[in-house]
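**Q** Handing over final22.txt, compact mmCIF, C-alpha atoms and all ligand atoms.
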```txt
# COMPACT_ATOMS: atom_id res chain seq x y z
CA MET T 612 0.00 0.00 0.00
CA GLY T 613 1.54 3.33 -1.06
CA GLU T 614 1.74 6.45 1.15
CA PHE T 615 -1.31 8.08 -0.49
CA GLU T 616 -3.52 5.01 -0.12
CA ARG T 617 -2.32 4.46 3.45
CA ALA T 618 -3.41 8.00 4.38
CA ALA T 619 -6.70 7.63 2.49
CA PHE T 620 -7.29 4.31 4.22
CA ARG T 621 -6.80 5.93 7.63
CA TYR T 622 -9.23 8.76 6.81
CA LEU T 623 -11.80 6.35 5.37
CA THR T 624 -11.62 4.22 8.50
CA LEU T 625 -12.04 7.17 10.85
CA GLY T 626 -14.62 8.82 8.59
CA GLY T 627 -16.53 5.53 8.45
CA MET T 628 -16.83 5.50 12.22
CA GLY T 629 -18.08 9.09 12.29
CA CYS T 630 -20.64 8.43 9.54
CA ALA T 631 -21.89 5.35 11.38
CA GLY T 632 -22.69 7.57 14.38
CA VAL T 633 -24.69 9.99 12.20
CA VAL T 634 -26.57 7.13 10.49
CA PHE T 635 -27.34 5.55 13.87
CA ILE T 636 -29.08 8.70 15.14
CA THR T 637 -30.81 9.50 11.82
CA LEU T 638 -32.36 6.04 11.44
CA PHE T 639 -34.12 6.38 14.80
CA PHE T 640 -36.12 9.22 13.27
CA ILE T 641 -36.32 8.15 9.60
CA PRO T 642 -36.57 4.35 9.10
CA ALA T 643 -35.04 3.24 5.79
CA PRO T 644 -38.02 3.12 3.36
CA TYR T 645 -38.12 -0.56 2.45
CA GLY T 646 -40.08 -3.54 3.77
CA ARG T 647 -42.87 -2.47 6.17
CA TYR T 648 -41.72 1.19 5.97
CA THR T 649 -42.16 1.39 2.20
CA ARG T 650 -43.58 4.83 1.34
CA THR T 651 -43.73 7.19 -1.60
CA GLY T 652 -41.41 10.14 -2.14
CA TRP T 653 -38.13 8.24 -2.46
CA GLY T 654 -37.83 8.25 -6.25
CA PRO T 655 -37.81 5.40 -8.78
CA ARG T 656 -37.97 1.82 -7.53
CA ILE T 657 -37.06 -1.71 -8.62
CA ASN T 658 -38.31 -5.16 -7.63
CA SER T 659 -37.05 -5.77 -4.10
CA SER T 660 -35.78 -9.35 -4.61
CA LEU T 661 -33.75 -8.12 -7.59
CA ALA T 662 -32.57 -5.22 -5.41
CA TRP T 663 -31.20 -7.65 -2.79
CA VAL T 664 -29.31 -9.60 -5.47
CA VAL T 665 -27.83 -6.42 -6.99
CA MET T 666 -26.74 -4.73 -3.78
CA GLU T 667 -25.35 -7.80 -2.00
CA SER T 668 -23.47 -9.08 -5.05
CA PHE T 669 -21.07 -6.15 -4.54
CA ALA T 670 -20.17 -7.57 -1.12
CA VAL T 671 -19.61 -11.00 -2.70
CA GLY T 672 -17.23 -9.51 -5.29
CA VAL T 673 -15.38 -6.58 -3.75
CA LEU T 674 -13.80 -8.16 -0.67
CA PRO T 675 -12.19 -11.16 -2.43
CA ALA T 676 -11.11 -8.94 -5.36
CA CYS T 677 -9.34 -6.50 -2.99
CA PHE T 678 -7.87 -9.41 -1.04
CA PHE T 679 -6.47 -11.37 -3.97
CA LEU T 680 -5.31 -8.30 -5.94
CA SER T 681 -3.24 -7.05 -2.97
CA ALA T 682 0.43 -7.84 -3.18
CA GLY T 683 0.90 -9.36 0.32
CA MET T 684 1.51 -13.06 0.89
CA LYS T 685 -1.82 -14.91 1.20
CA THR T 686 -1.81 -17.08 4.31
CA GLY T 687 -4.36 -19.82 4.85
CA THR T 688 -5.63 -18.04 7.97
CA ALA T 689 -6.27 -14.78 6.08
CA SER T 690 -8.01 -16.75 3.31
CA LEU T 691 -10.23 -18.35 5.95
CA PHE T 692 -11.67 -14.90 6.70
CA VAL T 693 -12.54 -14.51 3.02
CA ILE T 694 -14.36 -17.85 3.16
CA LEU T 695 -16.38 -16.77 6.24
CA TRP T 696 -17.33 -13.51 4.50
CA GLU T 697 -18.36 -15.38 1.36
CA ILE T 698 -20.49 -17.90 3.29
CA HIS T 699 -22.55 -15.02 4.67
CA TYR T 700 -22.78 -12.99 1.47
CA VAL T 701 -23.34 -15.79 -1.02
CA HIS T 702 -26.30 -16.86 1.13
CA ARG T 703 -27.56 -13.27 1.35
CA THR T 704 -27.22 -12.74 -2.41
CA CYS T 705 -28.27 -16.07 -3.89
CA ILE T 706 -30.59 -17.74 -1.36
CA PHE T 707 -32.27 -15.07 0.82
CA PRO T 708 -33.82 -13.10 -2.08
CA LEU T 709 -35.27 -16.26 -3.63
CA ARG T 710 -36.89 -17.27 -0.33
CA ARG T 711 -38.83 -14.01 -0.02
CA HIS T 712 -42.58 -14.17 -0.71
CA LYS T 713 -43.77 -10.74 -1.61
CA PRO T 714 -44.83 -10.34 -5.21
CA GLY T 715 -44.80 -6.75 -6.34
CA ARG T 716 -42.74 -5.42 -3.40
CA THR T 717 -40.31 -2.73 -4.60
CA MET T 718 -37.33 -0.87 -3.16
CA PRO T 719 -36.23 2.71 -3.93
CA ILE T 720 -33.11 2.85 -6.12
CA VAL T 721 -31.67 5.31 -3.62
CA ILE T 722 -31.67 2.54 -0.97
CA VAL T 723 -30.08 0.10 -3.43
CA GLY T 724 -27.42 2.73 -4.24
CA SER T 725 -26.63 3.40 -0.60
CA ALA T 726 -26.38 -0.34 0.11
CA VAL T 727 -24.03 -0.74 -2.87
CA ALA T 728 -21.85 2.11 -1.51
CA PHE T 729 -21.93 0.47 1.95
CA ASN T 730 -20.85 -2.89 0.52
CA VAL T 731 -18.12 -1.44 -1.72
CA PHE T 732 -16.78 0.67 1.18
CA ASN T 733 -16.70 -2.18 3.70
CA GLY T 734 -15.59 -4.78 1.15
CA TYR T 735 -12.67 -2.55 0.12
CA LEU T 736 -11.59 -1.70 3.68
CA ASN T 737 -11.77 -5.28 4.93
CA GLY T 738 -10.47 -6.99 1.77
CA ARG T 739 -7.58 -4.59 1.32
CA TYR T 740 -6.61 -4.83 5.00
CA LEU T 741 -6.68 -8.63 4.95
CA GLY T 742 -4.76 -8.70 1.65
CA VAL T 743 -2.04 -6.24 2.67
CA TYR T 744 -1.60 -7.48 6.22
CA ALA T 745 -2.26 -11.17 5.49
CA ASP T 746 1.12 -12.13 6.93
CA LEU T 747 -0.12 -11.03 10.40
CA TYR T 748 -2.56 -13.93 10.25
CA THR T 749 -0.22 -16.87 10.61
CA GLY T 750 -1.11 -20.40 11.67
CA ALA T 751 -0.54 -19.31 15.30
CA TRP T 752 -3.48 -16.85 14.99
CA LEU T 753 -5.80 -19.88 14.73
CA LEU T 754 -5.10 -20.61 18.40
CA ASP T 755 -5.30 -17.00 19.58
CA PRO T 756 -8.25 -16.43 21.99
CA ARG T 757 -9.39 -13.46 19.84
CA PHE T 758 -9.64 -15.68 16.77
CA LEU T 759 -11.38 -18.49 18.65
CA ALA T 760 -13.87 -16.21 20.45
CA GLY T 761 -14.50 -14.06 17.35
CA THR T 762 -15.01 -16.97 14.98
CA GLY T 763 -17.27 -18.68 17.50
CA LEU T 764 -19.33 -15.50 17.74
CA PHE T 765 -19.44 -15.15 13.94
CA LEU T 766 -20.65 -18.72 13.42
CA THR T 767 -23.21 -18.44 16.23
CA GLY T 768 -24.49 -15.21 14.67
CA LEU T 769 -24.65 -16.81 11.22
CA VAL T 770 -26.86 -19.63 12.53
CA VAL T 771 -29.08 -17.23 14.51
CA ASN T 772 -29.41 -14.87 11.53
CA ILE T 773 -30.30 -17.51 8.96
CA HIS T 774 -32.61 -19.43 11.30
CA SER T 775 -34.45 -16.27 12.39
CA ASP T 776 -34.82 -14.98 8.81
CA GLU T 777 -36.12 -18.42 7.87
CA ILE T 778 -38.84 -18.24 10.56
CA LEU T 779 -39.98 -14.91 9.10
CA LEU T 780 -39.89 -16.16 5.52
CA ARG T 781 -42.03 -19.18 6.44
CA LEU T 782 -44.75 -16.97 7.91
CA ARG T 783 -46.06 -16.27 4.40
CA ARG T 784 -47.31 -18.77 1.92
CA SER T 785 -46.64 -18.07 -1.73
CA GLY T 786 -48.58 -14.96 -2.79
CA GLU T 787 -49.36 -13.83 0.79
CA THR T 788 -48.38 -10.27 1.58
CA GLY T 789 -49.33 -9.46 5.19
CA TYR T 790 -47.44 -9.62 8.46
CA LYS T 791 -47.86 -12.16 11.30
CA ILE T 792 -46.40 -12.50 14.79
CA PRO T 793 -43.26 -14.68 14.59
CA TYR T 794 -42.77 -17.41 17.19
CA GLY T 795 -40.01 -19.92 17.85
CA GLY T 796 -36.24 -19.69 18.28
CA LEU T 797 -35.08 -16.41 19.81
CA TYR T 798 -38.43 -14.77 18.94
CA ARG T 799 -39.45 -16.04 22.34
CA TRP T 800 -37.36 -13.22 23.84
CA ILE T 801 -36.87 -10.56 21.17
CA SER T 802 -38.58 -9.09 18.11
CA CYS T 803 -35.54 -9.09 15.79
CA PRO T 804 -33.22 -12.07 16.36
CA ASN T 805 -32.21 -11.94 12.67
CA TYR T 806 -30.68 -8.53 13.38
CA LEU T 807 -29.10 -9.80 16.61
CA GLY T 808 -27.53 -12.66 14.62
CA GLU T 809 -26.14 -10.21 12.06
CA LEU T 810 -24.69 -8.05 14.84
CA LEU T 811 -23.06 -11.07 16.47
CA GLU T 812 -21.54 -12.07 13.13
CA TRP T 813 -19.82 -8.75 12.45
CA THR T 814 -18.82 -8.20 16.06
CA GLY T 815 -17.24 -11.67 15.91
CA TRP T 816 -15.55 -10.74 12.63
CA ALA T 817 -14.10 -7.57 14.23
CA VAL T 818 -12.77 -9.61 17.17
CA ALA T 819 -11.42 -12.48 15.04
CA THR T 820 -9.62 -10.14 12.60
CA TRP T 821 -8.73 -7.70 15.42
CA SER T 822 -8.78 -4.92 12.85
CA LEU T 823 -10.12 -1.36 12.55
CA PRO T 824 -11.91 -2.13 9.25
CA GLY T 825 -13.65 -4.99 11.07
CA LEU T 826 -14.67 -2.59 13.85
CA VAL T 827 -15.96 -0.03 11.32
CA PHE T 828 -18.13 -2.68 9.69
CA ALA T 829 -19.52 -3.86 13.04
CA LEU T 830 -20.35 -0.24 13.98
CA TRP T 831 -22.09 0.36 10.63
CA THR T 832 -24.10 -2.82 11.07
CA ALA T 833 -25.19 -1.65 14.53
CA ALA T 834 -25.99 1.81 13.10
CA ASN T 835 -28.31 0.21 10.54
CA LEU T 836 -29.91 -2.49 12.66
CA VAL T 837 -30.32 -1.17 16.23
CA PRO T 838 -32.68 1.68 15.19
CA ARG T 839 -34.51 -0.64 12.76
CA ALA T 840 -34.99 -3.26 15.48
CA TYR T 841 -36.44 -0.57 17.74
CA ALA T 842 -38.76 0.58 14.93
CA HIS T 843 -39.86 -3.03 14.19
CA HIS T 844 -40.54 -3.62 17.88
CA ARG T 845 -42.72 -0.52 18.20
CA TRP T 846 -44.44 -1.39 14.91
CA TYR T 847 -45.32 -4.90 16.17
CA HIS T 848 -46.84 -3.44 19.34
CA ALA T 849 -48.87 -0.90 17.35
CA TYR T 850 -50.01 -3.48 14.75
CA PHE T 851 -50.83 -6.51 16.96
CA SER T 852 -52.78 -5.96 20.20
CA SER T 853 -51.85 -9.54 21.19
CA TYR T 854 -48.09 -9.01 20.72
CA PRO T 855 -46.17 -10.80 23.55
CA PRO T 856 -45.62 -8.01 26.13
CA ASP T 857 -42.38 -9.40 27.60
CA ARG T 858 -40.51 -9.54 24.29
CA LYS T 859 -37.68 -7.01 23.97
CA ALA T 860 -36.53 -5.45 20.68
CA LEU T 861 -33.00 -6.79 20.19
CA PHE T 862 -31.23 -7.86 23.38
CA PRO T 863 -33.09 -10.36 25.62
CA TYR T 864 -34.26 -8.80 28.95
CA VAL T 865 -32.39 -5.55 28.19
CA PHE T 866 -33.55 -3.59 25.10
P1 LIG L 1 -36.87 -7.90 8.09
O1 LIG L 1 -36.85 -8.66 9.37
O2 LIG L 1 -37.55 -6.57 8.09
O3 LIG L 1 -37.53 -8.78 6.93
C1 LIG L 1 -36.97 -9.98 6.50
C2 LIG L 1 -37.96 -10.69 5.56
O4 LIG L 1 -39.04 -11.26 6.31
C3 LIG L 1 -38.64 -9.74 4.55
O5 LIG L 1 -38.90 -10.47 3.38
C4 LIG L 1 -39.93 -9.34 5.25
O6 LIG L 1 -40.95 -8.97 4.34
C5 LIG L 1 -40.30 -10.63 5.96
N1 LIG L 1 -40.97 -10.38 7.25
C6 LIG L 1 -40.45 -9.66 8.28
N2 LIG L 1 -41.30 -9.66 9.32
C7 LIG L 1 -42.37 -10.38 8.94
C8 LIG L 1 -43.60 -10.74 9.59
N3 LIG L 1 -43.84 -10.35 10.86
N4 LIG L 1 -44.50 -11.49 8.92
C9 LIG L 1 -44.24 -11.88 7.64
N5 LIG L 1 -43.10 -11.60 6.97
C10 LIG L 1 -42.17 -10.85 7.62
O7 LIG L 1 -35.32 -7.77 7.64
P2 LIG L 1 -34.65 -6.82 6.53
O8 LIG L 1 -35.40 -6.99 5.26
O9 LIG L 1 -34.42 -5.46 7.09
O10 LIG L 1 -33.19 -7.52 6.43
C11 LIG L 1 -33.03 -8.79 5.82
C12 LIG L 1 -31.68 -9.36 6.21
O11 LIG L 1 -30.62 -8.47 5.84
C13 LIG L 1 -31.53 -9.60 7.71
O12 LIG L 1 -30.89 -10.81 7.94
C14 LIG L 1 -30.65 -8.45 8.18
O13 LIG L 1 -29.85 -8.85 9.28
C15 LIG L 1 -29.80 -8.15 6.94
N6 LIG L 1 -29.42 -6.74 6.90
C16 LIG L 1 -28.12 -6.39 7.20
C17 LIG L 1 -27.74 -5.07 7.25
C18 LIG L 1 -26.35 -4.68 7.65
O14 LIG L 1 -26.11 -3.52 7.92
N7 LIG L 1 -25.37 -5.59 7.70
C19 LIG L 1 -28.71 -3.99 6.94
C20 LIG L 1 -30.05 -4.47 6.64
C21 LIG L 1 -30.37 -5.79 6.63
P3 LIG L 1 -41.13 -7.40 3.87
O15 LIG L 1 -39.89 -7.11 3.05
O16 LIG L 1 -42.38 -7.43 3.08
O17 LIG L 1 -41.20 -6.57 5.11
```
When written as structure tokens, how does the structure in this file appear?
Ligand code: NDP
**A**
Amino acid sequence: MGEFERAAFRYLTLGGMGCAGVVFITLFFIPAPYGRYTRTGWGPRINSSLAWVVMESFAVGVLPACFFLSAGMKTGTASLFVILWEIHYVHRTCIFPLRRHKPGRTMPIVIVGSAVAFNVFNGYLNGRYLGVYADLYTGAWLLDPRFLAGTGLFLTGLVVNIHSDEILLRLRRSGETGYKIPYGGLYRWISCPNYLGELLEWTGWAVATWSLPGLVFALWTAANLVPRAYAHHRWYHAYFSSYPPDRKALFPYVF
């Protein structure tokens, strides 16, 4: 990495943290206009399943491209991180959109564009860091407590995320469009275990890679999902009079 890119990388990392803080506060007041918050006034739109494929495919492509095109030596441990990333994003791009049952649902192009920017930004920061500093991740890192705890957290989050999304996706039969109260799994305690799973994944990634780009991505994920979980939780209470009163939004017994 040359001097210019090193400086740019530092500013992007710090700037990314600052932007995550602004997004976190903003989304408490203005929920991103997709899914149950779909509303007019956000410009042209495209089919939402197609939107998921388009925006997440950038995450599938950018991180490995930045990793493999970087000049550093590619250790097996660093490549393992690329595999973990790909497991999450190939599922999100190729399987999740096909499992959705909502004919006619659309998403504003502005949301697709911001998600593409988010994925390019985080894919570049994380892929470039792993590619350039791959030699930090030797075989010994596999036994480091940070790697073990972080990878354990990532895999736990992956299972929670996919399982919880799956419960939601099974609430609708083909052609159905409405919302129902989800039960089962972590829905017993919280309204948005899919978001909790996603947060665990990227927190685990930050710990396992022990990197600033990993931390930036975890903060951005929290900035997107904590306000949305709060909005979903309030929406469920407003929409269903029989909504389980003891359920929290995102963290069991806490929030
Ligand atoms: P939601 O929980 O809002 O919705 C997931 C899917 O389930 C949608 O197809 C939704 O339909 C459907 N659904 C949700 N609730 C119900 C219900 N009560 N009854 C019937 N169907 C329901 O998640 P998002 O769409 O916001 O996110 C999808 C995935 O993407 C999640 O795993 C999330 O973690 C991840 N994500 C990650 C982000 C990050 O920053 N890393 C940012 C945003 C999402 P409909 O679309 O019609 O509402």
**Q** Neighbouring residues of Pro855 of chain T were defined as those with any atom within 10 Å, considering all atoms listed in the file; residues of the same chain fewer than 2 positions away were excluded. Please report them as number ranges by chain.
**A** T: 792, 794, 798-802, 847-848, 851-853, 857-859
**Q** Which residues come within 7 Å of Asn772 of chain T, counting all atoms listed in the file, excluding same-chain residues fewer than 5 positions away, as a list of chain:residue names?
**A**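 The neighbour list is T:Pro804, T:Asn805, T:Tyr806, T:Gly808, T:Glu809.
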**Q** For ligand LIG 1 (chain L), which residue out of T:Pro838, T:Gly750, T:Gly646, T:Pro708 is the nearest one, using all atoms listed in the file?
**A**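 The answer is T:Gly646, which sits nearest to ligand LIG 1 (chain L).
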**Q** Using only C-alpha atoms and all ligand atoms, what does the table of chain T residues within 7 Å of ligand LIG 1 (chain L) look like, with each row giving the shortest atom pair and its distance in Å to one decimal, sorted by chain and ascending number, as CSV?
**A**
```
residue,atom,partner,partner_atom,distance
T:Tyr645,CA,L:LIG1,O15,6.8
T:Gly646,CA,L:LIG1,O17,3.5
T:Arg647,CA,L:LIG1,O17,4.6
T:Arg711,CA,L:LIG1,O5,4.9
T:His712,CA,L:LIG1,O5,6.6
T:Lys713,CA,L:LIG1,O16,5.9
T:Arg716,CA,L:LIG1,O16,6.8
T:Asn772,CA,L:LIG1,O12,5.6
T:Ile773,CA,L:LIG1,O12,6.8
T:Asp776,CA,L:LIG1,O12,5.8
T:Leu779,CA,L:LIG1,O4,4.7
T:Leu780,CA,L:LIG1,O4,5.0
T:Leu782,CA,L:LIG1,C9,5.1
T:Arg783,CA,L:LIG1,C9,5.8
T:Thr788,CA,L:LIG1,O16,6.8
T:Gly789,CA,L:LIG1,C9,6.1
T:Tyr790,CA,L:LIG1,N4,3.5
T:Lys791,CA,L:LIG1,N4,4.2
T:Ile792,CA,L:LIG1,N3,5.2
T:Pro793,CA,L:LIG1,N3,5.7
T:Cys803,CA,L:LIG1,O1,6.6
T:Asn805,CA,L:LIG1,O12,5.0
T:Tyr806,CA,L:LIG1,O13,4.2
T:Gly808,CA,L:LIG1,O13,7.0
T:Glu809,CA,L:LIG1,O13,4.8
T:Trp831,CA,L:LIG1,O14,6.2
T:Thr832,CA,L:LIG1,O14,3.8
T:Ala833,CA,L:LIG1,O14,6.9
T:Asn835,CA,L:LIG1,O14,5.1
T:Leu836,CA,L:LIG1,C19,6.0
```
**Q** I want to know what sits within 12 Å of Leu691 of chain T, based on all atoms listed in the file, with residues of the same chain fewer than 4 positions away left out; could you give that as JSON, numbers by chain?
**A** {"T": [675, 678, 685, 686, 687, 695, 696, 697, 698, 741, 742, 745, 748, 749, 750, 752, 753, 758, 762, 816, 819, 820]}
**Q** Could you turn the residues from that selection into a file that holds C-alpha atoms, as a JSON list (two decimals), keeping the file's coordinate frame?
**A**
```json
[["chain", "number", "residue", "atom", "x", "y", "z"],
["T", 675, "PRO", "CA", -12.19, -11.16, -2.43],
["T", 678, "PHE", "CA", -7.87, -9.41, -1.04],
["T", 685, "LYS", "CA", -1.82, -14.91, 1.20],
["T", 686, "THR", "CA", -1.81, -17.08, 4.31],
["T", 687, "GLY", "CA", -4.36, -19.82, 4.85],
["T", 695, "LEU", "CA", -16.38, -16.77, 6.24],
["T", 696, "TRP", "CA", -17.33, -13.51, 4.50],
["T", 697, "GLU", "CA", -18.36, -15.38, 1.36],
["T", 698, "ILE", "CA", -20.49, -17.90, 3.29],
["T", 741, "LEU", "CA", -6.68, -8.63, 4.95],
["T", 742, "GLY", "CA", -4.76, -8.70, 1.65],
["T", 745, "ALA", "CA", -2.26, -11.17, 5.49],
["T", 748, "TYR", "CA", -2.56, -13.93, 10.25],
["T", 749, "THR", "CA", -0.22, -16.87, 10.61],
["T", 750, "GLY", "CA", -1.11, -20.40, 11.67],
["T", 752, "TRP", "CA", -3.48, -16.85, 14.99],
["T", 753, "LEU", "CA", -5.80, -19.88, 14.73],
["T", 758, "PHE", "CA", -9.64, -15.68, 16.77],
["T", 762, "THR", "CA", -15.01, -16.97, 14.98],
["T", 816, "TRP", "CA", -15.55, -10.74, 12.63],
["T", 819, "ALA", "CA", -11.42, -12.48, 15.04],
["T", 820, "THR", "CA", -9.62, -10.14, 12.60]]
```
**Q** Using atom CA of Met684 of chain T and atom CA of His702 of chain T as the two end points, give the distance in Å to one decimal.
**A**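 Result for atom CA of Met684 of chain T versus atom CA of His702 of chain T: 28.1 Å, one decimal.
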